[in-house]
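See below for the structure under consideration.
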Amino acid sequence: MESLFLTRVLGVLRAAGDEALFVQDDQVTSYEQALDLLFRLYAGLAEGGVVAIDVGNRPETVLLQVAAQLRGSTVLLVAASASLPDRLAAVSAAGVTTLVTDQVTGWPGGDTRVIALDELMAREGTEPSTLPASVTVIFPTGGTTGAPKLIRHSGIYDGMAHIFAPDPAGPGRTLLIAPMTHMTGNATVLGAILRRESVVLQKGFDAGAVLDAITEHRITSLSLTPARLAAVLDHPAMASTDVDSVRQLSLGAAPLPPRRLRQALDVFGPVVGQGYGLTEAPMIASISAAELDGRPERLESVGRIVPGMEARISDGEVLVRGLSMMDGYHGAPPIGDGWLRTGDLGRFDDEGYLYLLDRANDVIITGEHGTKVFSTVVENALARHPLVRSVAVFGVPGEGGEGERVHAVVVPVSSGALSADEIRAHVREFFGREHFVPSDVDFINALPLTAIGKVDKRALRAPFWTGHDRHIA
């Protein structure tokens with residue numbers, strides 16, 4: 001039996017002909033040209049083994065992934081956000097036999113064949129005579145809690161082949177901002193191909209460029225993290241940008257402050273949905289604009305558990321299992337039907353809607369009674385303040401390293417718009433309890449972001465914990 005995923009991808013590439021697949025920097029790659037490029041990349045790869053892909057957002061990246069899968073190779077997608085030590089560790093741990101990169105310097109030789117992407121593209125094309133029965137892709141975790149784990153996925157790709165079909169409303173145009181080597185970006189671009197859409201590629205995030213792309217290309221779908229959505233909504237050009245073409249705006253990677261979700265619905269209309277997933281389990285829960293209509297309390301929810309998945313709460317933590325689960329961690333036994341600890345703390349309401357409270361390792365233990373304060377709860381409260389553009393809250397060591405204090409880093413709407421005392425007063429009034437009130441408040445112009453658009457709390461937190469043997473107190 002041949003892989004349904006590969007069968008469908010090849011079928012679409014052959015059928016769509018001169019229709020535009022990729023648009024990047026005014027360069028258009030048709031489906032027919034993409035098929036030719038795919039066969040050239042395929043010709044330069046050996047059968048089997050593990051192929052690592054270390055390439056930025058360009059058409060060749062996803063085509064190289066498919067070419068390696070056609071060879072029956074396992075694919076390691078080297079995370080765009082990974083540090084060099086983490087990249088080297090991932091390549092070593094995965095047992096990579098061939099590394100394809102657009103930057104060959106910095107990679108060790110050894111038994112791994114390191115080859116420049118442009119070299120592969122220069123080959124004469126070869127068409128495969130048969131297709132493998134399945135595909136496997138390895139994703140490193142984001143690395144925000146230390147050395148990345150390697151996550152194996154296979155079933156989700158045949159799942160995509162079942163789920164994604166052309167839109168009855170007509171061919172769409174997807175704006176891709178996330179790296180293709182990250183789960184979100186990978187699923188986005190492959191979903192667009194399976195739907196026979198055009199993909200407008202951006203190599204990095206710029207709020208103004210997003211708005212320009214929506215106008216120029218009449219973008220129908222895009223996905224944003226909360227931090228990037230905030231930048232788009234706050235951009236001076238937002239008010240004058242026609243966003244009527246957008247049929248779907250997906251939000252994910254972190255819980256969205258209710259104020260921002262409400263604002264997104266006001267600006268983009270009833271096309272805004274929020275999803276919850278992990279690299280280990282990309283589809284866990286979702287909520288649509290229709291489910292939010294007239295139910296303001298659901299603005300804080302990430303939605304209901306999607307069909308084929310299960311979830312439960314154990315000691316405050318969300319545990320999941322089901323169809324979108326990873327096969328397992330590389331080098332470890334398959335996870336099978338077992339429950340996965342998400343590391344997220346949450347609760348369900350009476351209608352089955354999931355509300356995330358925090359990461360399990362982002363709980364602040366503070367006050368004389370050792371009270372647990374969930375940082376996301378304080379962030380959501382501060383995000384309601386009209387003069388707060390964005391905010392990050394985390395725990396820092398108390399005096400002499402004893403206990404933890406609540407620390408807030410705030411981006412105001414303009415310099416000097418707020419004082420630390422006003423921030424504290426807002427939180428104090430909102431919660432009516434002193435242990436939620438930040439002991440310290442810093443003001444900065446912008447929160448640091450990881451390469452995939454999440455607020456980089458690790459970078460914000462690190463200076464406060466320098467010299468401590470552990471990051472809890």
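Here's how to read the names in the structure tokens: chain A, B, ... by the order shown, residue numbers from 1 in each chain, ligand numbers from 1 in the order shown.
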Spatial neighbours of Val411 in chain A, max dist 12 Å, only C-alpha atoms, sep filter under 2 positions, as number ranges by chain: A: 227, 230-231, 379, 382-383, 385-393, 408-409, 413-420, 423, 441-448
Can you list every residue of range 185-301 of chain A that has an atom at most 12 Å from range 315-320 of chain A, with its nearest atom pair and the distance in Å to one decimal, using only C-alpha atoms, ordered by chain then number, as a tab-separated table?
```
residue	atom	partner	partner_atom	distance
A:Tyr276	CA	A:Val318	CA	11.6
A:Gly277	CA	A:Val320	CA	10.1
A:Leu278	CA	A:Val320	CA	10.4
A:Glu280	CA	A:Val320	CA	10.1
A:Ala281	CA	A:Val320	CA	8.2
A:Pro282	CA	A:Val320	CA	11.1
A:Met283	CA	A:Val320	CA	10.3
A:Ile284	CA	A:Val320	CA	7.6
A:Ala285	CA	A:Val320	CA	10.3
```
Of the listed residues A:Val104, A:Val135, A:Leu84, A:Val78, that which approaches Pro179 in chain A most closely, counting only C-alpha atoms: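 Smallest distance to Pro179 in chain A is found for A:Val78.
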Between CA of Val200 in chain A and CA of Lys454 in chain A, distance in Å (one decimal): 21.6 Å
Under the rule of at most 7 Å, produce a per-residue listing of range 123-171 of chain A near range 23-47 of chain A: chain, number, name, the closest pair of atoms, and the distance in Å, as a tab-separated table, using only C-alpha atoms.
```
residue	atom	partner	partner_atom	distance
A:Arg123	CA	A:Arg40	CA	5.4
A:Glu124	CA	A:Arg40	CA	5.5
A:Gly125	CA	A:Arg40	CA	3.8
A:Thr126	CA	A:Ala43	CA	5.2
A:Glu127	CA	A:Phe39	CA	5.6
```
Which of range 273-409 of chain A fall in alpha helix (DSSP H), as a list in words: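 Taking range 273-409 of chain A and keeping alpha helix (DSSP H) gives Ala289, Ala290, Glu291, Leu292, Ser375, Thr376, Val377, Val378, Glu379, Asn380, Ala381, Leu382 and Ala383 of chain A.
Residues lying within 9 Å of Val267 in chain A, counting only C-alpha atoms and ignoring same-chain neighbours fewer than 4 positions away, are Leu233, Met238, Ala239, Val243, Arg262 and Gln263 of chain A.
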Output of the above residues as a PDB file, in the first residue's frame, restricted to N, CA and C atoms:
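Printed below is again_0.pdb as written:
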```pdb
ATOM      1  N   LEU A 233      -2.450  44.128  15.012  1.00  0.00           N
ATOM      2  CA  LEU A 233      -3.585  44.954  15.433  1.00  0.00           C
ATOM      3  C   LEU A 233      -3.163  46.362  15.829  1.00  0.00           C
ATOM      4  N   MET A 238      -3.204  49.321  10.222  1.00  0.00           N
ATOM      5  CA  MET A 238      -4.309  48.374  10.401  1.00  0.00           C
ATOM      6  C   MET A 238      -5.650  49.007  10.047  1.00  0.00           C
ATOM      7  N   ALA A 239      -5.879  50.204  10.497  1.00  0.00           N
ATOM      8  CA  ALA A 239      -7.187  50.837  10.312  1.00  0.00           C
ATOM      9  C   ALA A 239      -7.520  51.070   8.846  1.00  0.00           C
ATOM     10  N   VAL A 243      -9.231  43.989   4.952  1.00  0.00           N
ATOM     11  CA  VAL A 243      -8.989  42.588   5.311  1.00  0.00           C
ATOM     12  C   VAL A 243     -10.187  41.702   4.969  1.00  0.00           C
ATOM     13  N   ARG A 262     -11.103  39.551  21.342  1.00  0.00           N
ATOM     14  CA  ARG A 262     -12.276  40.383  21.044  1.00  0.00           C
ATOM     15  C   ARG A 262     -11.931  41.427  19.972  1.00  0.00           C
ATOM     16  N   GLN A 263     -10.737  42.020  20.086  1.00  0.00           N
ATOM     17  CA  GLN A 263     -10.302  43.014  19.108  1.00  0.00           C
ATOM     18  C   GLN A 263     -10.126  42.386  17.730  1.00  0.00           C
TER      19      GLN A 263
END
```
Closest of A:Arg312, A:Arg321, A:Arg384, A:Arg87 to Leu150 in chain A - atom-to-atom distances counting only C-alpha atoms: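 For Leu150 in chain A, the nearest of the candidates is A:Arg87.
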Length of the CA of Glu404 in chain A to CA of Ile364 in chain A vector [Å]: 6.5 Å
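Here the question is which of A:Asp344, A:Glu399, A:Glu216, A:Glu300 gets nearest to Ser314 in chain A using only C-alpha atoms, and that residue is A:Asp344.
Non-sequential neighbours of Ile305 in chain A (distance at most 8 Å, separation of 6 or more positions within a chain, only C-alpha atoms) are Ile284, Ala285, Ser286, Ala311, Gly352, Tyr353 and Leu354 of chain A.
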If you keep C-alpha atoms, can you produce a file of those selected residues as a PDB file, in the first residue's frame?
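For reference, out.pdb as written:
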```pdb
ATOM      1  CA  ILE A 284      -5.913  19.019  20.754  1.00  0.00           C
ATOM      2  CA  ALA A 285      -8.645  21.652  21.008  1.00  0.00           C
ATOM      3  CA  SER A 286     -10.158  24.431  18.930  1.00  0.00           C
ATOM      4  CA  ALA A 311      -8.138  14.971  27.396  1.00  0.00           C
ATOM      5  CA  GLY A 352     -16.362  20.839  27.881  1.00  0.00           C
ATOM      6  CA  TYR A 353     -14.440  23.986  27.014  1.00  0.00           C
ATOM      7  CA  LEU A 354     -10.795  23.920  28.076  1.00  0.00           C
TER       8      LEU A 354
END
```
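Note that CA of Ile177 in chain A and CA of Thr215 in chain A are 15.7 Å apart.
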7 Å contact set for Thr97 in chain A, only C-alpha atoms, chain neighbours under 2 positions out, as a list in words: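 Contacts, in chain order: Gly49, Val50, Val51, Gly95, Leu99, Asp111, Thr112 and Arg113 of chain A.
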Mind dumping the selected residues with N, CA, C and O atoms as an mmCIF file, in the first residue's frame?
```cif
data_model
loop_
_atom_site.group_PDB
_atom_site.id
_atom_site.type_symbol
_atom_site.label_atom_id
_atom_site.label_comp_id
_atom_site.auth_asym_id
_atom_site.auth_seq_id
_atom_site.Cartn_x
_atom_site.Cartn_y
_atom_site.Cartn_z
ATOM 1 N N GLY A 49 17.797 6.018 5.120
ATOM 2 C CA GLY A 49 18.565 6.861 6.027
ATOM 3 C C GLY A 49 17.727 7.965 6.645
ATOM 4 O O GLY A 49 16.494 7.968 6.567
ATOM 5 N N VAL A 50 18.417 8.907 7.255
ATOM 6 C CA VAL A 50 17.773 10.060 7.886
ATOM 7 C C VAL A 50 18.302 11.325 7.221
ATOM 8 O O VAL A 50 19.514 11.574 7.225
ATOM 9 N N VAL A 51 17.413 12.112 6.643
ATOM 10 C CA VAL A 51 17.777 13.353 5.967
ATOM 11 C C VAL A 51 17.373 14.533 6.844
ATOM 12 O O VAL A 51 16.195 14.680 7.189
ATOM 13 N N GLY A 95 20.728 10.418 14.269
ATOM 14 C CA GLY A 95 21.482 9.527 13.387
ATOM 15 C C GLY A 95 21.413 9.951 11.937
ATOM 16 O O GLY A 95 21.267 9.121 11.032
ATOM 17 N N LEU A 99 22.664 15.721 5.473
ATOM 18 C CA LEU A 99 22.193 17.025 5.929
ATOM 19 C C LEU A 99 22.178 17.960 4.734
ATOM 20 O O LEU A 99 23.211 18.192 4.092
ATOM 21 N N ASP A 111 30.469 11.159 9.658
ATOM 22 C CA ASP A 111 29.757 10.218 8.791
ATOM 23 C C ASP A 111 28.561 10.848 8.084
ATOM 24 O O ASP A 111 27.944 10.206 7.229
ATOM 25 N N THR A 112 28.220 12.064 8.468
ATOM 26 C CA THR A 112 27.066 12.722 7.857
ATOM 27 C C THR A 112 27.471 13.446 6.572
ATOM 28 O O THR A 112 28.410 14.244 6.569
ATOM 29 N N ARG A 113 26.755 13.179 5.510
ATOM 30 C CA ARG A 113 26.986 13.884 4.243
ATOM 31 C C ARG A 113 26.316 15.249 4.330
ATOM 32 O O ARG A 113 25.099 15.353 4.520
#
```
Residue nearest Arg228 in chain A among A:Ala209, A:Val246, A:Met121, A:Thr174 (counting only C-alpha atoms): A:Ala209
Nearby residues (only C-alpha atoms) at most 7 Å from range 189-193 of chain A, same-chain spacing under 4 positions excluded, as a list in words: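 Near range 189-193 of chain A, the qualifying residues are Met160, Phe164, Thr174, Gly185, Glu197, Ser198 and Val199 of chain A.
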For the selection you just gave me, I'd like the residues written to a file as a JSON list (two decimals), in the first residue's frame, keeping N, CA and C atoms.
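Output contents, as saved in result-v7.json:
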```
[["chain", "number", "residue", "atom", "x", "y", "z"],
["A", 160, "MET", "N", -3.61, 14.57, 7.29],
["A", 160, "MET", "CA", -3.73, 15.78, 6.47],
["A", 160, "MET", "C", -4.33, 15.45, 5.11],
["A", 164, "PHE", "N", -7.57, 17.76, 4.33],
["A", 164, "PHE", "CA", -7.45, 18.95, 3.48],
["A", 164, "PHE", "C", -7.94, 18.68, 2.06],
["A", 174, "THR", "N", -2.78, 31.44, 0.94],
["A", 174, "THR", "CA", -2.31, 31.34, 2.32],
["A", 174, "THR", "C", -1.06, 32.17, 2.53],
["A", 185, "GLY", "N", 4.21, 25.83, 10.69],
["A", 185, "GLY", "CA", 4.52, 26.19, 9.31],
["A", 185, "GLY", "C", 4.48, 25.00, 8.38],
["A", 197, "GLU", "N", -3.94, 25.44, -3.22],
["A", 197, "GLU", "CA", -3.92, 26.88, -3.03],
["A", 197, "GLU", "C", -2.58, 27.48, -3.41],
["A", 198, "SER", "N", -2.50, 28.80, -3.34],
["A", 198, "SER", "CA", -1.24, 29.51, -3.49],
["A", 198, "SER", "C", -0.72, 29.85, -2.09],
["A", 199, "VAL", "N", 0.62, 29.83, -1.95],
["A", 199, "VAL", "CA", 1.25, 30.14, -0.68],
["A", 199, "VAL", "C", 2.15, 31.35, -0.87]]
```
Who sits within 10 Å of Ala290 in chain A, only C-alpha atoms, same chain under 2 positions skipped, as a list in words: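 Counting only C-alpha atoms, the residues come to Pro270, Val271, Val272, Gly273, Ile287, Ser288, Leu292, Asp293, Gly294 and Arg295 of chain A.
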Let's have the selection written as a PDB file, in the first residue's frame, with N, CA and C atoms.
```
ATOM      1  N   PRO A 270     -16.102  37.486  11.797  1.00  0.00           N
ATOM      2  CA  PRO A 270     -16.322  36.133  12.336  1.00  0.00           C
ATOM      3  C   PRO A 270     -15.525  35.061  11.594  1.00  0.00           C
ATOM      4  N   VAL A 271     -14.226  35.274  11.463  1.00  0.00           N
ATOM      5  CA  VAL A 271     -13.356  34.309  10.779  1.00  0.00           C
ATOM      6  C   VAL A 271     -12.204  33.897  11.692  1.00  0.00           C
ATOM      7  N   VAL A 272     -12.240  34.362  12.921  1.00  0.00           N
ATOM      8  CA  VAL A 272     -11.121  34.160  13.843  1.00  0.00           C
ATOM      9  C   VAL A 272     -11.367  32.931  14.709  1.00  0.00           C
ATOM     10  N   GLY A 273     -10.424  32.014  14.709  1.00  0.00           N
ATOM     11  CA  GLY A 273     -10.512  30.837  15.559  1.00  0.00           C
ATOM     12  C   GLY A 273      -9.214  30.632  16.310  1.00  0.00           C
ATOM     13  N   ILE A 287     -11.552  26.381  18.912  1.00  0.00           N
ATOM     14  CA  ILE A 287     -12.779  27.147  19.135  1.00  0.00           C
ATOM     15  C   ILE A 287     -12.953  28.096  17.958  1.00  0.00           C
ATOM     16  N   SER A 288     -14.184  28.212  17.463  1.00  0.00           N
ATOM     17  CA  SER A 288     -14.478  29.037  16.293  1.00  0.00           C
ATOM     18  C   SER A 288     -15.145  30.338  16.710  1.00  0.00           C
ATOM     19  N   LEU A 292     -17.940  31.724  19.945  1.00  0.00           N
ATOM     20  CA  LEU A 292     -17.668  32.883  20.804  1.00  0.00           C
ATOM     21  C   LEU A 292     -18.809  33.900  20.764  1.00  0.00           C
ATOM     22  N   ASP A 293     -19.639  33.816  19.737  1.00  0.00           N
ATOM     23  CA  ASP A 293     -20.697  34.796  19.550  1.00  0.00           C
ATOM     24  C   ASP A 293     -21.665  34.786  20.730  1.00  0.00           C
ATOM     25  N   GLY A 294     -21.760  35.896  21.414  1.00  0.00           N
ATOM     26  CA  GLY A 294     -22.660  36.021  22.553  1.00  0.00           C
ATOM     27  C   GLY A 294     -22.200  35.310  23.804  1.00  0.00           C
ATOM     28  N   ARG A 295     -20.990  34.768  23.798  1.00  0.00           N
ATOM     29  CA  ARG A 295     -20.460  34.056  24.963  1.00  0.00           C
ATOM     30  C   ARG A 295     -19.098  34.638  25.340  1.00  0.00           C
TER      31      ARG A 295
END
```
Test item, strand (DSSP E or B) assignment across range 167-244 of chain A, answer as a list of chain:residue names: A:Arg173, A:Thr174, A:Leu175, A:Leu176, A:Ser198, A:Val199, A:Val200, A:Leu201, A:Ser221, A:Leu222, A:Ser223, A:Leu224
